[in-house]
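Structure file start20.csv (CSV, C-alpha atoms) is printed below.
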chain,number,residue,atom,x,y,z
W,1,MET,CA,122.8,102.0,156.3
W,2,PRO,CA,119.1,101.0,156.2
W,3,THR,CA,117.6,100.9,152.7
W,4,ILE,CA,115.1,103.7,152.0
W,5,ALA,CA,112.9,104.3,149.0
W,6,TYR,CA,112.1,107.6,147.2
W,7,ILE,CA,108.8,107.8,145.2
W,8,SER,CA,107.6,110.5,142.8
W,9,SER,CA,105.0,110.5,140.0
W,10,ILE,CA,107.7,110.0,137.4
W,11,LEU,CA,111.2,109.3,138.5
W,12,PRO,CA,113.4,110.6,137.1
W,13,ALA,CA,111.6,113.5,135.4
W,14,ARG,CA,113.8,116.0,133.6
W,15,SER,CA,112.2,119.0,135.2
W,16,GLU,CA,112.3,117.7,138.8
W,17,THR,CA,116.0,118.1,139.3
W,18,PHE,CA,115.5,118.5,143.1
W,19,VAL,CA,114.3,114.9,143.5
W,20,TYR,CA,117.1,113.2,141.7
W,21,ARG,CA,119.7,115.5,143.2
W,22,GLU,CA,118.6,114.5,146.7
W,23,ILE,CA,118.8,110.8,145.7
W,24,ARG,CA,122.2,111.1,144.2
W,25,GLU,CA,123.6,113.1,147.2
W,26,LEU,CA,122.2,110.5,149.6
W,27,ARG,CA,123.7,107.7,147.6
W,28,ARG,CA,127.0,109.5,147.5
W,29,ARG,CA,126.9,109.7,151.3
W,30,GLY,CA,126.4,105.9,151.5
W,31,TRP,CA,122.6,105.5,151.7
W,32,ASP,CA,121.0,102.7,149.8
W,33,VAL,CA,118.1,104.5,147.9
W,34,VAL,CA,115.6,102.6,145.8
W,35,CYS,CA,113.9,104.8,143.1
W,36,VAL,CA,110.2,104.3,142.7
W,37,SER,CA,108.2,105.8,139.8
W,38,LEU,CA,104.5,105.8,140.3
W,39,ASN,CA,103.9,105.9,136.6
W,40,ALA,CA,106.0,104.5,133.8
W,41,PRO,CA,108.1,107.2,132.2
W,42,THR,CA,107.3,108.0,128.6
W,43,GLU,CA,110.9,108.8,127.7
W,44,ALA,CA,114.5,108.0,128.9
W,45,VAL,CA,116.4,111.1,130.1
W,46,ALA,CA,120.0,111.2,129.1
W,47,GLY,CA,122.4,111.3,132.0
W,48,LEU,CA,120.0,109.8,134.5
W,49,GLU,CA,120.6,106.1,133.7
W,50,ASP,CA,121.8,105.5,137.3
W,51,LEU,CA,118.3,106.3,138.5
W,52,GLU,CA,116.5,104.2,135.9
W,53,ARG,CA,118.6,101.1,136.8
W,54,ASP,CA,116.7,98.8,139.2
W,55,ARG,CA,113.9,101.3,139.4
W,56,VAL,CA,110.5,100.1,140.6
W,57,VAL,CA,107.5,101.3,138.5
W,58,VAL,CA,104.2,100.9,140.4
W,59,TYR,CA,101.7,101.2,137.6
W,60,ASP,CA,103.4,98.9,135.1
W,61,GLY,CA,100.5,97.8,132.9
W,62,LEU,CA,98.4,95.3,134.8
W,63,ASN,CA,101.2,93.6,136.6
W,64,TRP,CA,100.7,95.7,139.7
W,65,VAL,CA,97.2,94.2,140.1
W,66,GLY,CA,98.6,90.7,140.4
W,67,ASP,CA,101.3,91.8,142.8
W,68,SER,CA,98.7,93.5,145.0
W,69,ILE,CA,96.7,90.3,145.1
W,70,ILE,CA,99.8,88.2,146.0
W,71,GLU,CA,100.8,90.6,148.7
W,72,SER,CA,97.3,90.4,150.3
W,73,VAL,CA,97.4,86.6,150.2
W,74,LEU,CA,100.9,86.3,151.7
W,75,HIS,CA,100.4,89.1,154.3
W,76,PRO,CA,96.7,89.0,155.2
W,77,ILE,CA,96.9,90.8,158.5
W,78,SER,CA,98.7,93.9,157.3
W,79,SER,CA,96.5,93.9,154.2
W,80,ALA,CA,93.4,93.8,156.4
W,81,ILE,CA,94.7,96.7,158.4
W,82,ASP,CA,95.5,98.7,155.2
W,83,LEU,CA,92.0,98.0,154.0
W,84,MET,CA,90.5,99.2,157.3
W,85,HIS,CA,92.5,102.4,157.0
W,86,VAL,CA,91.5,103.1,153.4
W,87,LYS,CA,87.8,102.5,154.3
W,88,LEU,CA,88.1,105.0,157.1
W,89,ASP,CA,89.9,107.5,154.8
W,90,ALA,CA,87.2,107.2,152.2
W,91,VAL,CA,84.4,107.8,154.7
W,92,ALA,CA,86.2,110.5,156.8
W,93,PRO,CA,89.1,111.9,154.8
W,94,GLY,CA,89.5,114.9,157.2
W,95,GLU,CA,89.0,117.4,154.4
W,96,SER,CA,86.8,118.0,151.4
W,97,MET,CA,87.1,115.3,148.8
W,98,SER,CA,84.9,114.4,145.9
W,99,LEU,CA,83.3,111.0,145.7
W,100,PRO,CA,85.5,109.9,142.7
W,101,ALA,CA,88.6,111.0,144.6
W,102,ARG,CA,87.4,108.9,147.6
W,103,ALA,CA,86.8,105.9,145.4
W,104,LYS,CA,90.2,106.3,143.9
W,105,LEU,CA,91.8,105.7,147.3
W,106,PHE,CA,90.9,102.0,147.0
W,107,VAL,CA,92.9,101.8,143.8
W,108,GLN,CA,95.8,103.7,145.3
W,109,CYS,CA,95.7,101.4,148.4
W,110,ALA,CA,95.9,98.4,146.1
W,111,ALA,CA,98.8,100.0,144.3
W,112,GLY,CA,100.5,100.5,147.7
W,113,GLY,CA,100.2,96.8,148.2
W,114,ALA,CA,101.9,96.1,144.9
W,115,MET,CA,104.6,98.6,145.8
W,116,ALA,CA,105.1,97.0,149.2
W,117,ARG,CA,105.6,93.6,147.6
W,118,ARG,CA,108.3,94.9,145.4
W,119,LEU,CA,110.0,96.8,148.2
W,120,ARG,CA,109.8,94.1,150.8
W,121,GLU,CA,112.4,92.0,149.0
W,122,ARG,CA,114.7,95.1,148.9
W,123,GLY,CA,114.5,95.4,152.7
W,124,VAL,CA,113.2,99.0,152.6
W,125,LYS,CA,112.8,100.6,156.1
W,126,HIS,CA,111.5,104.0,155.2
W,127,ILE,CA,109.6,105.6,152.2
W,128,HIS,CA,110.0,109.2,151.3
W,129,CYS,CA,107.5,110.7,148.9
W,130,HIS,CA,108.0,113.7,146.7
W,131,PHE,CA,104.7,115.5,146.0
W,132,ALA,CA,101.9,115.3,148.5
W,133,HIS,CA,99.1,113.9,146.3
W,134,ALA,CA,99.2,110.5,144.5
W,135,PRO,CA,102.8,109.6,145.3
W,136,THR,CA,102.3,110.2,149.0
W,137,THR,CA,98.9,108.4,149.0
W,138,VAL,CA,100.4,105.3,147.4
W,139,GLY,CA,103.6,105.6,149.5
W,140,MET,CA,101.7,105.9,152.7
W,141,TYR,CA,99.6,102.8,152.1
W,142,ALA,CA,102.8,100.9,151.1
W,143,ALA,CA,104.5,102.0,154.3
W,144,MET,CA,101.5,100.8,156.3
W,145,GLN,CA,101.6,97.5,154.5
W,146,LEU,CA,105.3,97.1,155.2
W,147,GLY,CA,105.1,98.3,158.8
W,148,VAL,CA,107.7,101.1,158.1
W,149,SER,CA,107.7,104.8,158.4
W,150,PHE,CA,107.1,107.3,155.7
W,151,SER,CA,107.6,111.0,155.1
W,152,PHE,CA,106.8,113.5,152.3
W,153,THR,CA,107.7,116.8,150.6
W,154,GLY,CA,104.9,118.9,149.3
W,155,HIS,CA,105.4,121.5,146.6
W,156,ALA,CA,102.7,123.4,144.8
W,157,ASN,CA,100.0,121.9,142.5
W,158,ASP,CA,99.9,118.8,144.8
W,159,LEU,CA,98.9,121.0,147.7
W,160,PHE,CA,96.3,123.1,145.9
W,161,GLN,CA,94.6,121.7,142.7
W,162,ARG,CA,95.3,118.0,143.4
W,163,ARG,CA,95.3,117.9,147.2
W,164,ALA,CA,94.0,114.7,148.8
W,165,LEU,CA,94.1,113.3,152.4
W,166,LEU,CA,96.6,116.0,153.4
W,167,ARG,CA,95.4,116.1,157.0
W,168,ARG,CA,95.6,112.4,157.4
W,169,LYS,CA,99.1,112.3,155.8
W,170,LEU,CA,100.3,115.0,158.2
W,171,GLN,CA,98.9,112.9,161.1
W,172,ARG,CA,100.6,109.7,160.0
W,173,ALA,CA,104.0,110.8,158.6
W,174,ALA,CA,107.1,110.3,160.6
W,175,PHE,CA,108.2,113.8,159.4
W,176,VAL,CA,107.4,116.3,156.8
W,177,ASN,CA,110.0,118.2,154.7
W,178,CYS,CA,108.8,121.8,154.3
W,179,ILE,CA,110.4,123.6,151.4
W,180,SER,CA,109.6,127.0,153.0
W,181,GLU,CA,108.4,128.6,156.3
W,182,TRP,CA,105.2,129.4,154.4
W,183,HIS,CA,104.6,125.7,153.7
W,184,ARG,CA,105.3,124.8,157.3
W,185,ASP,CA,102.7,127.3,158.5
W,186,PHE,CA,100.3,126.0,155.9
W,187,TYR,CA,100.6,122.4,157.2
W,188,ILE,CA,100.3,123.4,160.8
W,189,LYS,CA,97.1,125.3,160.2
W,190,ILE,CA,95.7,122.2,158.6
W,191,GLU,CA,96.9,119.9,161.4
W,192,PRO,CA,98.2,121.7,164.5
W,193,THR,CA,99.5,118.4,166.1
W,194,SER,CA,102.0,118.1,163.2
W,195,ALA,CA,104.1,121.1,164.3
W,196,ALA,CA,106.8,119.0,165.8
W,197,LYS,CA,107.3,116.9,162.7
W,198,CYS,CA,107.3,119.7,160.2
W,199,HIS,CA,110.9,120.7,159.4
W,200,ILE,CA,112.4,123.1,156.9
W,201,VAL,CA,114.2,121.2,154.2
W,202,ARG,CA,114.8,123.3,151.0
W,203,CYS,CA,115.0,121.9,147.5
W,204,GLY,CA,118.7,122.5,147.4
W,205,VAL,CA,121.1,123.2,144.5
W,206,ASP,CA,124.7,122.1,144.3
W,207,VAL,CA,126.2,125.6,144.6
W,208,ASP,CA,129.7,124.3,143.6
W,209,ALA,CA,128.4,123.0,140.3
W,210,TRP,CA,127.1,126.5,139.2
W,211,LYS,CA,129.8,128.9,138.2
W,212,PHE,CA,129.4,132.4,139.6
W,213,ARG,CA,130.2,134.9,137.0
W,214,ALA,CA,130.6,138.2,138.9
W,215,GLU,CA,131.8,139.9,135.8
W,216,ALA,CA,128.7,139.0,133.7
W,217,ASN,CA,126.5,141.9,134.8
W,218,ALA,CA,129.1,144.6,134.1
W,219,ALA,CA,129.9,143.2,130.6
W,220,ALA,CA,126.7,144.0,128.7
W,221,GLY,CA,128.1,147.4,127.6
W,222,ASN,CA,125.8,149.0,125.0
W,223,ARG,CA,124.3,145.8,123.7
W,224,PRO,CA,120.7,144.8,124.6
W,225,ILE,CA,120.3,143.1,127.9
W,226,GLN,CA,119.9,139.3,127.5
W,227,ILE,CA,117.1,138.1,129.6
W,228,LEU,CA,116.3,134.4,130.2
W,229,THR,CA,113.3,132.5,131.6
W,230,VAL,CA,113.1,128.7,132.0
W,231,CYS,CA,109.8,127.2,133.0
W,232,ARG,CA,106.8,125.1,131.9
W,233,LEU,CA,104.6,127.5,129.9
W,234,VAL,CA,101.6,127.6,132.1
W,235,GLU,CA,99.5,130.4,133.5
W,236,LYS,CA,101.1,130.6,137.0
W,237,LYS,CA,104.6,131.2,135.6
W,238,GLY,CA,103.5,134.7,134.4
W,239,VAL,CA,105.3,134.6,131.0
W,240,ASP,CA,102.3,136.3,129.4
W,241,ASN,CA,102.7,139.4,131.5
W,242,LEU,CA,106.5,139.2,131.1
W,243,LEU,CA,106.0,139.5,127.4
W,244,ARG,CA,103.6,142.4,127.8
W,245,GLY,CA,106.1,144.0,130.2
W,246,LEU,CA,108.8,143.7,127.5
W,247,GLY,CA,106.4,145.2,125.0
W,248,LYS,CA,106.1,148.3,127.2
W,249,VAL,CA,109.9,148.4,127.6
W,250,ALA,CA,110.2,148.4,123.8
W,251,ARG,CA,107.6,151.1,123.4
W,252,ASP,CA,109.6,153.2,125.9
W,253,GLY,CA,112.7,152.9,123.8
W,254,GLY,CA,114.4,150.0,125.6
W,255,THR,CA,116.2,147.1,123.9
W,256,PHE,CA,116.6,143.5,125.0
W,257,GLU,CA,116.9,139.9,123.8
W,258,MET,CA,114.5,137.5,125.5
W,259,THR,CA,115.0,133.7,125.6
W,260,ILE,CA,112.2,131.5,126.7
W,261,ALA,CA,113.2,127.9,127.4
W,262,GLY,CA,110.4,125.4,128.1
W,263,ASP,CA,107.2,124.2,126.6
W,264,GLY,CA,103.6,123.8,127.7
W,265,PRO,CA,99.9,124.5,126.8
W,266,GLN,CA,100.4,128.3,126.7
W,267,ARG,CA,103.1,128.3,124.1
W,268,ALA,CA,100.9,129.3,121.1
W,269,ALA,CA,99.2,132.0,123.1
W,270,LEU,CA,102.5,133.4,124.2
W,271,GLU,CA,103.9,133.5,120.7
W,272,ALA,CA,100.7,135.4,119.7
W,273,ILE,CA,101.4,137.9,122.5
W,274,ALA,CA,104.9,138.5,121.3
W,275,LEU,CA,103.5,139.2,117.9
W,276,GLU,CA,100.8,141.5,119.3
W,277,GLU,CA,103.4,143.4,121.3
W,278,ASN,CA,105.6,143.7,118.1
W,279,ILE,CA,108.6,142.2,120.0
W,280,GLN,CA,108.8,138.9,118.2
W,281,PRO,CA,112.2,139.7,116.6
W,282,SER,CA,113.7,140.0,120.1
W,283,VAL,CA,112.0,136.9,121.6
W,284,LYS,CA,113.3,133.4,121.1
W,285,PHE,CA,111.2,130.4,122.0
W,286,LEU,CA,113.4,127.3,122.4
W,287,GLY,CA,110.9,124.7,123.5
W,288,ALA,CA,111.9,122.0,126.1
W,289,VAL,CA,115.6,121.9,126.8
W,290,ASP,CA,117.8,119.5,128.8
W,291,ASN,CA,119.6,120.4,132.0
W,292,GLU,CA,123.0,120.9,130.3
W,293,ARG,CA,121.3,123.4,127.9
W,294,VAL,CA,119.8,125.2,130.9
W,295,ARG,CA,123.3,125.5,132.5
W,296,HIS,CA,124.7,126.9,129.2
W,297,LEU,CA,121.8,129.5,129.0
W,298,LEU,CA,122.3,130.6,132.5
W,299,GLN,CA,126.0,131.1,131.9
W,300,HIS,CA,125.3,133.3,128.9
W,301,SER,CA,122.5,135.6,130.1
W,302,ASP,CA,122.5,138.9,132.0
W,303,ALA,CA,119.3,138.5,134.0
W,304,PHE,CA,116.6,135.9,134.8
W,305,ALA,CA,112.9,136.7,134.9
W,306,LEU,CA,110.0,134.6,136.3
W,307,PRO,CA,107.1,136.9,137.4
W,308,CYS,CA,105.0,134.0,138.7
W,309,ARG,CA,101.5,134.5,140.3
W,310,ASP,CA,98.5,132.7,141.5
W,311,ASP,CA,96.6,131.3,138.5
W,312,SER,CA,92.9,131.3,137.9
W,313,SER,CA,92.5,127.9,139.7
W,314,GLY,CA,94.4,129.1,142.8
W,315,ASP,CA,97.6,127.2,142.0
W,316,ARG,CA,100.9,128.9,142.7
W,317,ASP,CA,104.6,128.1,142.8
W,318,GLY,CA,106.5,127.1,145.8
W,319,ILE,CA,110.1,128.2,145.4
W,320,PRO,CA,111.2,127.4,141.8
W,321,VAL,CA,114.6,125.6,141.8
W,322,VAL,CA,115.5,127.4,138.6
W,323,LEU,CA,115.5,130.7,140.5
W,324,MET,CA,118.1,129.3,142.9
W,325,GLU,CA,120.2,128.1,140.0
W,326,ALA,CA,120.0,131.5,138.3
W,327,MET,CA,121.1,133.2,141.6
W,328,ALA,CA,123.9,130.6,142.1
W,329,CYS,CA,125.2,131.5,138.6
W,330,GLY,CA,125.3,135.2,139.5
W,331,LEU,CA,122.2,136.4,137.5
W,332,PRO,CA,120.1,139.1,139.0
W,333,VAL,CA,116.5,137.8,139.2
W,334,ILE,CA,113.0,139.3,138.8
W,335,SER,CA,110.4,137.1,140.4
W,336,GLY,CA,106.8,137.2,141.3
W,337,ASP,CA,106.1,138.4,144.9
W,338,LEU,CA,104.7,135.2,146.4
W,339,PRO,CA,105.0,134.3,150.1
W,340,ALA,CA,107.4,131.3,149.7
W,341,ILE,CA,109.6,133.1,147.2
W,342,ARG,CA,110.2,135.9,149.7
W,343,GLU,CA,112.3,133.5,151.7
W,344,LEU,CA,114.7,133.2,148.7
W,345,VAL,CA,114.5,136.7,147.2
W,346,SER,CA,114.6,139.8,149.3
W,347,HIS,CA,113.4,142.8,147.2
W,348,ASP,CA,116.1,145.2,146.2
W,349,ARG,CA,118.7,143.1,148.0
W,350,SER,CA,119.0,139.7,146.5
W,351,GLY,CA,116.6,140.3,143.6
W,352,LEU,CA,113.6,142.2,142.5
W,353,LEU,CA,110.1,141.1,143.4
W,354,VAL,CA,107.1,142.2,141.3
W,355,ASP,CA,103.4,141.8,141.2
W,356,GLY,CA,103.0,139.2,138.5
W,357,THR,CA,99.6,140.6,137.5
W,358,ASN,CA,101.0,144.1,137.0
W,359,VAL,CA,102.6,144.7,133.6
W,360,SER,CA,103.9,148.1,134.5
W,361,SER,CA,105.7,146.7,137.6
W,362,ILE,CA,107.4,144.0,135.4
W,363,ALA,CA,108.4,146.6,132.8
W,364,GLU,CA,109.8,148.9,135.4
W,365,SER,CA,112.0,146.1,136.9
W,366,ILE,CA,113.3,145.1,133.5
W,367,ALA,CA,114.2,148.7,132.7
W,368,ARG,CA,115.9,149.1,136.1
W,369,LEU,CA,118.2,146.1,135.5
W,370,ALA,CA,118.9,147.0,131.9
W,371,GLY,CA,120.0,150.5,132.8
W,372,ASN,CA,122.0,149.8,135.9
W,373,PRO,CA,125.0,147.4,135.7
W,374,ALA,CA,125.9,148.3,139.3
W,375,LEU,CA,122.5,147.1,140.5
W,376,ARG,CA,122.8,143.9,138.6
W,377,GLN,CA,126.1,143.2,140.2
W,378,SER,CA,125.0,143.9,143.8
W,379,LEU,CA,121.8,141.8,143.4
W,380,ALA,CA,123.8,139.0,141.8
W,381,ALA,CA,126.3,138.9,144.7
W,382,ALA,CA,123.7,139.0,147.4
W,383,GLY,CA,121.6,136.4,145.5
W,384,ARG,CA,124.5,133.9,145.3
W,385,GLN,CA,125.2,134.4,149.0
W,386,ARG,CA,121.5,133.7,150.0
W,387,VAL,CA,121.6,130.5,148.0
W,388,VAL,CA,124.9,129.4,149.5
W,389,GLU,CA,123.7,130.1,153.1
W,390,GLU,CA,120.2,128.5,153.0
W,391,PHE,CA,119.5,126.6,149.8
W,392,SER,CA,122.6,124.5,149.2
W,393,LEU,CA,122.1,120.8,148.4
W,394,SER,CA,124.8,119.8,150.9
W,395,GLU,CA,123.1,121.6,153.8
W,396,ASN,CA,119.6,120.4,153.0
W,397,VAL,CA,120.6,116.8,152.5
W,398,THR,CA,122.3,116.9,155.9
W,399,ARG,CA,118.9,118.0,157.3
W,400,ILE,CA,117.3,115.0,155.5
W,401,GLU,CA,119.9,112.6,157.0
W,402,ARG,CA,119.2,113.9,160.5
W,403,LEU,CA,115.4,113.3,160.1
W,404,LEU,CA,115.9,109.9,158.5
W,405,ARG,CA,118.3,108.7,161.2
W,406,HIS,CA,115.9,109.9,164.0
W,407,SER,CA,112.9,108.2,162.3
W,408,LEU,CA,114.8,105.0,161.7
W,409,SER,CA,116.2,104.8,165.3
W,410,THR,CA,112.7,105.5,166.7
W,411,ASP,CA,111.3,102.7,164.5
W,412,HIS,CA,113.9,100.3,165.7
W,413,SER,CA,114.0,101.3,169.4
Take the structure in the file and write it out as structure tokens.
Amino acid sequence: MPTIAYISSILPARSETFVYREIRELRRRGWDVVCVSLNAPTEAVAGLEDLERDRVVVYDGLNWVGDSIIESVLHPISSAIDLMHVKLDAVAPGESMSLPARAKLFVQCAAGGAMARRLRERGVKHIHCHFAHAPTTVGMYAAMQLGVSFSFTGHANDLFQRRALLRRKLQRAAFVNCISEWHRDFYIKIEPTSAAKCHIVRCGVDVDAWKFRAEANAAAGNRPIQILTVCRLVEKKGVDNLLRGLGKVARDGGTFEMTIAGDGPQRAALEAIALEENIQPSVKFLGAVDNERVRHLLQHSDAFALPCRDDSSGDRDGIPVVLMEAMACGLPVISGDLPAIRELVSHDRSGLLVDGTNVSSIAESIARLAGNPALRQSLAAAGRQRVVEEFSLSENVTRIERLLRHSLSTDHS
């Protein structure tokens, strides 16, 4: 099969399971996939050594500058075309961009040249970019330099807070993987001509690897319900209002044990909220955990809560993969009622959707689950089924393969 490259900001990153699961599944199916990390990882992640082996790192000190210069000398025509494109992009980006962001395009184009030099000797015929901001910018210019096709998957922060050249990327990509119908509509509104190349490809989970525990939600008995959340501790995840909701549950006489796995800039503020709400004995902050610990936690909890919302900067989640994992394990979920998440969680059928800004709504949903084992069981079964039907890794990598084969056959026709 033709060699393809996958690029992300940091590859592999512990939290971005959806990226390396796609790569591993494609490799299992016989594809030759080169891993490209835009930035040098700051730590090795246990269990991901296969992705670190022979990995290409773009910004590797100053070596990339020399590689970019060598690439421009050895391939002057394609380098001149790339330079023409970046000049046009800086002058007319097709959307609002600050002057510093436009100036940065020239650095990213040069980095694309360095990336192209390193991928040229690997015979790469297509570049797929995860996250629509810097990885896709560099990947796009590298693809132009190599004369190959590229595609990308957008997620959340990269489409809102850190968006750059999105309209141009939609125009130039061979195809775009849309993690939700909402994302597809979002792209088409930005660039209507991209409709035919925007395809639904979910961030899938290996449903066979997550054990469904149908008995878990009937087993709590008289003990407190054990609630879990796993996320980066940032505003859009809604953990602050989750804790306030738990405080209301406690004041109303409810009992629970809350486990929060993950770290981030809000941790100290969240610990303070738990103290203010007088629930700190029932709340455990674990900090960052590895994927095996997440698996263990999911297997030993009664419910999963992530009342995400739009944050003060306008950033929001796409469809958090950890929600899919929780549902695959047979946990009833409480999630923020966001457009993309509605494609995974159907309220009162496969989970509970709440207004992540409404503490009372969160508290009511927690109380409903705590007091109703039958509801927990029905939500768990329907949630698992929804993940199997639409969000399985196998089904969505098959979709990726179809798009890759079509793009590669078109390129070589």
Can you list, as number ranges by chain, every protein, DNA or RNA residue that comes within 7 Å of Pro224 in chain W when you count all atoms listed in the file, leaving out same-chain residues fewer than 3 positions away? W: 255-257
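Using all atoms listed in the file, the shortest contact distance between Glu292 in chain W and any of W:His75, W:His199, W:Leu159, W:Ala209 is found at W:Ala209.
Interatomic distance, CA of Asp315 in chain W against CA of Gln161 in chain W: 6.3 Å.
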Show me a table, sorted first by chain and then by increasing residue number, of the residues of range 81-151 of chain W having an atom at most 9 Å from range 28-49 of chain W, each with its shortest atom pair and the distance in Å to one decimal, counting all atoms listed in the file and written as a tab-separated table.
residue	atom	partner	partner_atom	distance
W:Met115	CA	W:Val36	CA	8.6
W:Leu119	CA	W:Val34	CA	8.4
W:Arg122	CA	W:Val34	CA	8.2
W:Val124	CA	W:Val34	CA	8.1
W:Ala134	CA	W:Leu38	CA	8.2
W:Pro135	CA	W:Leu38	CA	6.5
W:Val138	CA	W:Leu38	CA	8.2
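Checking W:Glu325, W:Glu276, W:Asp317, W:Glu25 one by one against Asn291 in chain W, counting only C-alpha atoms, you find the shortest gap at W:Glu325.
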Could you jot down the CA of Asn177 in chain W to CA of Thr410 in chain W separation for me, Å, one decimal place? 17.7 Å
Nearby residues (all atoms listed in the file) at most 6 Å from Leu331 in chain W, same-chain spacing under 3 positions excluded, as a count of residues only: 4
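Look at range 145-153 of chain W: the protein and nucleic acid residues within 7 Å of it, using only C-alpha atoms and passing over chain neighbours fewer than 2 places away, are Ser78, Ser79, Asp82, Gly113, Ala116, Arg120, Lys125, His126, Ile127, His128, Cys129, His130, Phe131, Ala132, Thr136, Met140, Tyr141, Ala142, Ala143, His155, Ala173, Ala174, Phe175, Val176, Asn177 and Cys178 of chain W.
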Pairwise distance, CA of Val322 in chain W with CA of Val230 in chain W, equals 7.1 Å
